[in-house]
Amino acid sequence: LIIRQIHSLIDVPVLEGLGKKVEDEESAENGLSEARIICWQEKLFSHYEKDYYRLKENCKTEHHKKYYHMLKTGSHKPKLLFTYVHEDNYYPNDQDNQNQRQQSLQIEDNHQTMHLMADLGREVLLFSITWNPDEQIITVYPDFNHISTNPYYHEMRESNLHMYHYALEKCITDTPPVAKLPNDILLVGSSKTVMSVPTDRRERFSMPKQLHRYALLLLEIISASEFGYDDMHIRYRFELPPGVKMEKEGSELASSTHASKKHNDNWHFGQCHELFLVLPDSNDGQHYINVYFEAVSIDSWHRERYLGHSYCAIPLRPHASETTVHFVQLTNAGALADRMEVYLVGNRRQVYLNAFYGKVSTLIRFASK
């Protein structure tokens with residue numbers, strides 16, 4: 001993790017062997033630059049925390065008493081960078097900080113969080129990290145970057161304007177550093193050594209573009225029950241939220257199950273569908289993908305019988321769930337008239353499902369004959 005104060009966004013060339021040395025010495029003396037190797041859940045104290053926790057009367061809980069003993073027995077010299085670990089229960093709430101991630105999603109109990117901060121006269125959130133031990137997924141926001149090619153910037157407008165740029169660099173070494181505990185995850189911020197896992201994930205997974213995420217949605221339609229006709233199938237269609245795209249253009253967003261006959265009071269399908277999506281890693285909250293279903297039965301004369309339709313919203317977050325979707329069937333003049341229509345000509349009708357389930361902002365009127 002690296003942070004530096006800069007005085008200009010324009011790169012000015014310097015004389016060989018002269019300006020670089022002077023600049024580095026000036027930054028080191030004034031404390032305007034810092035690079036740290038940070039272990040997972042490693043506590044780095046800010047100036048305020050050091051002054052607060054070194055007073056015994058301020059430490060009432062076991063967690064605060066642990067910090068009191070850490071400051072009493074060890075050498076801790078706060079600089080620019082510090083951390084909030086999972087036990088600190090820190091939630092960013094500074095609405096003026098454009099780099100923060102909105103805590104719109106409730107962190108599950110088994111997830112661990114860590115926040116990398118900077119003391120720039122007031123505390124500034126640089127990076128938020130979440131670890132899901134069940135899925136073995138670590139989420140970093142904003143993404144990893146490099147201090148020399150694509151640093152993040154932060155302005156401090158006090159009496160004077162101060163500009164900082166910072167980076168959380170990820171490098172892979174042949175000999176990863178040994179963690180203190182078997183479950184440690186190391187985020188190393190120097191320009192040459194960073195390690196999170198012993199193997200290079202780039203050999204196994206393709207990485208999304210910066211500030212984007214990949215989402216793999218696996219949908220299985222298992223079975224249906226309590227319908228009135230045989231030889232039925234389920235047609236379904238996906239509707240992507242704004243900003244979410246298919247990783248491969250031209251991928252199917254609509255499909256159908258095979259026709260199924262009733263067996264033990266159920267129609268069995270086992271239909272699987274896979275969507276590989278690209279999501280913007282933004283502060284807009286959780287994304288949902290809408291799925292619209294239609295149940296149709298086809299008789300021997302190829303007449304389509306309308307059996308109902310349904311809808312469900314699937315959150316695009318790591319999870320596995322099983323749910324029962326209930327269908328709604330529209331009727332015309334009554335049960336007898338509907339049965340006559342089904343028997344004679346079939347009664348398949350086009351229903352604008354987006355409007356029916358209130359997923360459009362304008363009122364659309366339509367009729368059918």
# chains A, B, ... in the order shown; residues from 1 in each chain; ligands from 1
call {"tool": "residues_around", "arguments": {"residues": "Tyr67 (chain A)", "least_positions_apart": "5", "cutoff": "12 Å", "atoms": "only C-alpha atoms", "output": "JSON list (two decimals) with all heavy atoms, in the first residue's frame"}}
result
[["chain", "number", "residue", "atom", "x", "y", "z"],
["A", 43, "LYS", "N", -3.35, -4.62, 12.55],
["A", 43, "LYS", "CA", -3.80, -3.34, 13.08],
["A", 43, "LYS", "C", -2.68, -2.32, 13.03],
["A", 43, "LYS", "O", -1.62, -2.53, 13.63],
["A", 43, "LYS", "CB", -4.30, -3.51, 14.53],
["A", 43, "LYS", "CG", -4.78, -2.22, 15.18],
["A", 43, "LYS", "CD", -5.94, -1.61, 14.41],
["A", 43, "LYS", "CE", -6.42, -0.31, 15.06],
["A", 43, "LYS", "NZ", -7.51, 0.31, 14.29],
["A", 44, "LEU", "N", -2.92, -1.23, 12.31],
["A", 44, "LEU", "CA", -2.03, -0.07, 12.31],
["A", 44, "LEU", "C", -2.79, 1.10, 12.92],
["A", 44, "LEU", "O", -3.89, 1.42, 12.47],
["A", 44, "LEU", "CB", -1.58, 0.28, 10.88],
["A", 44, "LEU", "CG", -0.85, -0.82, 10.09],
["A", 44, "LEU", "CD1", -0.53, -0.33, 8.70],
["A", 44, "LEU", "CD2", 0.40, -1.25, 10.82],
["A", 45, "PHE", "N", -2.22, 1.72, 13.93],
["A", 45, "PHE", "CA", -2.92, 2.77, 14.66],
["A", 45, "PHE", "C", -2.74, 4.12, 13.99],
["A", 45, "PHE", "O", -1.68, 4.43, 13.44],
["A", 45, "PHE", "CB", -2.40, 2.85, 16.10],
["A", 45, "PHE", "CG", -2.71, 1.64, 16.93],
["A", 45, "PHE", "CD1", -1.77, 0.63, 17.09],
["A", 45, "PHE", "CD2", -3.94, 1.50, 17.55],
["A", 45, "PHE", "CE1", -2.05, -0.49, 17.84],
["A", 45, "PHE", "CE2", -4.24, 0.38, 18.30],
["A", 45, "PHE", "CZ", -3.29, -0.62, 18.45],
["A", 49, "GLU", "N", -5.97, 7.23, 17.46],
["A", 49, "GLU", "CA", -6.13, 5.97, 18.18],
["A", 49, "GLU", "C", -5.00, 5.75, 19.18],
["A", 49, "GLU", "O", -5.22, 5.26, 20.29],
["A", 49, "GLU", "CB", -6.17, 4.81, 17.19],
["A", 49, "GLU", "CG", -7.46, 4.71, 16.40],
["A", 49, "GLU", "CD", -7.45, 3.54, 15.45],
["A", 49, "GLU", "OE1", -6.46, 3.40, 14.71],
["A", 49, "GLU", "OE2", -8.42, 2.76, 15.45],
["A", 50, "LYS", "N", -3.79, 6.12, 18.80],
["A", 50, "LYS", "CA", -2.68, 5.95, 19.73],
["A", 50, "LYS", "C", -2.87, 6.80, 20.99],
["A", 50, "LYS", "O", -2.66, 6.34, 22.12],
["A", 50, "LYS", "CB", -1.36, 6.30, 19.05],
["A", 50, "LYS", "CG", -0.15, 6.10, 19.95],
["A", 50, "LYS", "CD", 1.15, 6.47, 19.25],
["A", 50, "LYS", "CE", 2.34, 6.27, 20.21],
["A", 50, "LYS", "NZ", 3.62, 6.65, 19.56],
["A", 51, "ASP", "N", -3.29, 8.06, 20.79],
["A", 51, "ASP", "CA", -3.52, 8.94, 21.94],
["A", 51, "ASP", "C", -4.71, 8.46, 22.78],
["A", 51, "ASP", "O", -4.72, 8.64, 24.01],
["A", 51, "ASP", "CB", -3.77, 10.37, 21.46],
["A", 51, "ASP", "CG", -2.53, 10.97, 20.80],
["A", 51, "ASP", "OD1", -1.41, 10.48, 21.10],
["A", 51, "ASP", "OD2", -2.68, 11.90, 19.99],
["A", 52, "TYR", "N", -5.69, 7.84, 22.13],
["A", 52, "TYR", "CA", -6.89, 7.41, 22.85],
["A", 52, "TYR", "C", -6.66, 6.11, 23.61],
["A", 52, "TYR", "O", -6.98, 6.01, 24.80],
["A", 52, "TYR", "CB", -8.04, 7.25, 21.85],
["A", 52, "TYR", "CG", -9.37, 6.87, 22.49],
["A", 52, "TYR", "CD1", -10.21, 7.84, 23.04],
["A", 52, "TYR", "CD2", -9.76, 5.54, 22.56],
["A", 52, "TYR", "CE1", -11.41, 7.50, 23.62],
["A", 52, "TYR", "CE2", -10.97, 5.19, 23.15],
["A", 52, "TYR", "CZ", -11.79, 6.17, 23.68],
["A", 52, "TYR", "OH", -12.97, 5.82, 24.26],
["A", 53, "TYR", "N", -6.11, 5.11, 22.97],
["A", 53, "TYR", "CA", -5.99, 3.79, 23.58],
["A", 53, "TYR", "C", -4.83, 3.67, 24.57],
["A", 53, "TYR", "O", -4.79, 2.71, 25.33],
["A", 53, "TYR", "CB", -5.83, 2.72, 22.50],
["A", 53, "TYR", "CG", -7.06, 2.50, 21.67],
["A", 53, "TYR", "CD1", -7.03, 2.61, 20.28],
["A", 53, "TYR", "CD2", -8.28, 2.18, 22.26],
["A", 53, "TYR", "CE1", -8.16, 2.41, 19.51],
["A", 53, "TYR", "CE2", -9.42, 1.99, 21.51],
["A", 53, "TYR", "CZ", -9.36, 2.11, 20.13],
["A", 53, "TYR", "OH", -10.49, 1.92, 19.39],
["A", 54, "ARG", "N", -3.92, 4.62, 24.58],
["A", 54, "ARG", "CA", -2.82, 4.51, 25.55],
["A", 54, "ARG", "C", -3.26, 4.99, 26.94],
["A", 54, "ARG", "O", -2.50, 4.86, 27.91],
["A", 54, "ARG", "CB", -1.61, 5.30, 25.08],
["A", 54, "ARG", "CG", -1.77, 6.80, 25.07],
["A", 54, "ARG", "CD", -0.51, 7.46, 24.57],
["A", 54, "ARG", "NE", -0.63, 8.91, 24.53],
["A", 54, "ARG", "CZ", 0.35, 9.73, 24.11],
["A", 54, "ARG", "NH1", 1.49, 9.22, 23.71],
["A", 54, "ARG", "NH2", 0.16, 11.03, 24.10],
["A", 55, "LEU", "N", -4.46, 5.57, 27.04],
["A", 55, "LEU", "CA", -5.03, 5.95, 28.33],
["A", 55, "LEU", "C", -5.91, 4.80, 28.83],
["A", 55, "LEU", "O", -6.90, 4.45, 28.18],
["A", 55, "LEU", "CB", -5.83, 7.24, 28.22],
["A", 55, "LEU", "CG", -5.05, 8.47, 27.76],
["A", 55, "LEU", "CD1", -5.97, 9.67, 27.64],
["A", 55, "LEU", "CD2", -3.89, 8.78, 28.72],
["A", 56, "LYS", "N", -5.57, 4.23, 29.96],
["A", 56, "LYS", "CA", -6.25, 3.03, 30.45],
["A", 56, "LYS", "C", -7.71, 3.29, 30.74],
["A", 56, "LYS", "O", -8.57, 2.41, 30.55],
["A", 56, "LYS", "CB", -5.54, 2.54, 31.71],
["A", 56, "LYS", "CG", -6.00, 1.17, 32.17],
["A", 56, "LYS", "CD", -5.14, 0.66, 33.31],
["A", 56, "LYS", "CE", -5.57, -0.75, 33.72],
["A", 56, "LYS", "NZ", -4.72, -1.28, 34.82],
["A", 58, "ASN", "N", -9.79, 4.92, 29.10],
["A", 58, "ASN", "CA", -10.59, 4.90, 27.87],
["A", 58, "ASN", "C", -10.89, 3.49, 27.39],
["A", 58, "ASN", "O", -11.73, 3.31, 26.50],
["A", 58, "ASN", "CB", -9.87, 5.66, 26.77],
["A", 58, "ASN", "CG", -9.79, 7.15, 27.04],
["A", 58, "ASN", "OD1", -10.62, 7.69, 27.77],
["A", 58, "ASN", "ND2", -8.81, 7.82, 26.47],
["A", 59, "CYS", "N", -10.22, 2.50, 27.94],
["A", 59, "CYS", "CA", -10.32, 1.13, 27.43],
["A", 59, "CYS", "C", -11.21, 0.31, 28.37],
["A", 59, "CYS", "O", -10.75, -0.20, 29.40],
["A", 59, "CYS", "CB", -8.94, 0.50, 27.31],
["A", 59, "CYS", "SG", -7.81, 1.48, 26.26],
["A", 60, "LYS", "N", -12.47, 0.17, 27.99],
["A", 60, "LYS", "CA", -13.43, -0.54, 28.82],
["A", 60, "LYS", "C", -13.67, -1.96, 28.33],
["A", 60, "LYS", "O", -13.89, -2.87, 29.13],
["A", 60, "LYS", "CB", -14.76, 0.22, 28.84],
["A", 60, "LYS", "CG", -14.64, 1.68, 29.30],
["A", 60, "LYS", "CD", -14.13, 1.78, 30.74],
["A", 60, "LYS", "CE", -14.08, 3.24, 31.19],
["A", 60, "LYS", "NZ", -13.55, 3.35, 32.57],
["A", 61, "THR", "N", -13.69, -2.18, 27.03],
["A", 61, "THR", "CA", -13.97, -3.50, 26.48],
["A", 61, "THR", "C", -12.68, -4.31, 26.35],
["A", 61, "THR", "O", -11.57, -3.76, 26.42],
["A", 61, "THR", "CB", -14.64, -3.38, 25.10],
["A", 61, "THR", "OG1", -13.70, -2.79, 24.18],
["A", 61, "THR", "CG2", -15.87, -2.49, 25.18],
["A", 62, "GLU", "N", -12.86, -5.63, 26.15],
["A", 62, "GLU", "CA", -11.70, -6.50, 25.98],
["A", 62, "GLU", "C", -10.92, -6.14, 24.72],
["A", 62, "GLU", "O", -9.68, -6.23, 24.70],
["A", 62, "GLU", "CB", -12.16, -7.96, 25.92],
["A", 62, "GLU", "CG", -12.74, -8.49, 27.22],
["A", 62, "GLU", "CD", -11.71, -8.46, 28.35],
["A", 62, "GLU", "OE1", -10.51, -8.69, 28.06],
["A", 62, "GLU", "OE2", -12.09, -8.22, 29.51],
["A", 72, "LYS", "N", 1.27, -0.44, 24.91],
["A", 72, "LYS", "CA", 2.13, -0.39, 26.08],
["A", 72, "LYS", "C", 3.39, -1.23, 25.91],
["A", 72, "LYS", "O", 4.47, -0.85, 26.37],
["A", 72, "LYS", "CB", 1.34, -0.85, 27.31],
["A", 72, "LYS", "CG", 2.10, -0.73, 28.63],
["A", 72, "LYS", "CD", 1.23, -1.15, 29.80],
["A", 72, "LYS", "CE", 1.99, -1.03, 31.13],
["A", 72, "LYS", "NZ", 1.14, -1.46, 32.27],
["A", 73, "THR", "N", 3.25, -2.36, 25.24],
["A", 73, "THR", "CA", 4.37, -3.30, 25.13],
["A", 73, "THR", "C", 5.15, -3.17, 23.83],
["A", 73, "THR", "O", 6.32, -3.57, 23.77],
["A", 73, "THR", "CB", 3.86, -4.75, 25.25],
["A", 73, "THR", "OG1", 2.86, -4.98, 24.23],
["A", 73, "THR", "CG2", 3.23, -4.98, 26.61],
["A", 74, "GLY", "N", 4.52, -2.63, 22.79],
["A", 74, "GLY", "CA", 5.20, -2.55, 21.50],
["A", 74, "GLY", "C", 5.48, -1.12, 21.09],
["A", 74, "GLY", "O", 5.05, -0.15, 21.73],
["A", 76, "HIS", "N", 4.82, 1.57, 18.38],
["A", 76, "HIS", "CA", 3.91, 1.93, 17.31],
["A", 76, "HIS", "C", 4.05, 3.42, 17.02],
["A", 76, "HIS", "O", 3.75, 4.26, 17.89],
["A", 76, "HIS", "CB", 2.46, 1.61, 17.69],
["A", 76, "HIS", "CG", 2.22, 0.16, 17.96],
["A", 76, "HIS", "ND1", 1.89, -0.74, 16.97],
["A", 76, "HIS", "CD2", 2.28, -0.56, 19.12],
["A", 76, "HIS", "CE1", 1.74, -1.94, 17.50],
["A", 76, "HIS", "NE2", 1.98, -1.86, 18.80],
["A", 87, "GLU", "N", -12.67, -6.45, 13.83],
["A", 87, "GLU", "CA", -13.16, -6.28, 15.20],
["A", 87, "GLU", "C", -13.44, -4.82, 15.54],
["A", 87, "GLU", "O", -14.08, -4.54, 16.56],
["A", 87, "GLU", "CB", -12.13, -6.85, 16.18],
["A", 87, "GLU", "CG", -11.97, -8.37, 16.08],
["A", 87, "GLU", "CD", -10.93, -8.88, 17.05],
["A", 87, "GLU", "OE1", -10.13, -8.06, 17.54],
["A", 87, "GLU", "OE2", -10.92, -10.09, 17.32],
["A", 88, "ASP", "N", -12.96, -3.88, 14.73],
["A", 88, "ASP", "CA", -13.21, -2.46, 15.00],
["A", 88, "ASP", "C", -14.64, -2.06, 14.67],
["A", 88, "ASP", "O", -15.08, -0.98, 15.09],
["A", 88, "ASP", "CB", -12.24, -1.59, 14.21],
["A", 88, "ASP", "CG", -10.82, -1.71, 14.72],
["A", 88, "ASP", "OD1", -10.65, -1.99, 15.92],
["A", 88, "ASP", "OD2", -9.88, -1.53, 13.93]]
call {"tool": "residues_around", "arguments": {"residues": "region 123-135 of chain A", "least_positions_apart": "5", "cutoff": "7 Å", "atoms": "only C-alpha atoms", "output": "list of chain:residue names"}}
result
A:Asn99, A:Gln100, A:His111, A:Gln112, A:Thr113, A:Met114, A:His115, A:Leu116, A:Met117, A:Ala118, A:Val140, A:Tyr141, A:Pro142
call {"tool": "closest_residue", "arguments": {"among": "A:Ala254, A:Phe276, A:Glu341, A:Glu226", "to": "His326 (chain A)", "atoms": "only C-alpha atoms"}}
result
A:Glu226
call {"tool": "atom_distance", "arguments": {"atom1": "CA of Thr323 (chain A)", "atom2": "CA of Lys261 (chain A)"}}
result
22.2 Å
call {"tool": "closest_residue", "arguments": {"among": "A:Met246, A:Ile147, A:Leu80, A:Ala224", "to": "Leu168 (chain A)", "atoms": "only C-alpha atoms"}}
result
A:Ile147
call {"tool": "closest_residue", "arguments": {"among": "A:Ala320, A:Leu240, A:Leu32, A:Ile6", "to": "Leu218 (chain A)", "atoms": "only C-alpha atoms"}}
result
A:Ala320
call {"tool": "closest_residue", "arguments": {"among": "A:Gly308, A:Gly243, A:Ser223, A:Arg157", "to": "Asn266 (chain A)", "atoms": "only C-alpha atoms"}}
result
A:Ser223
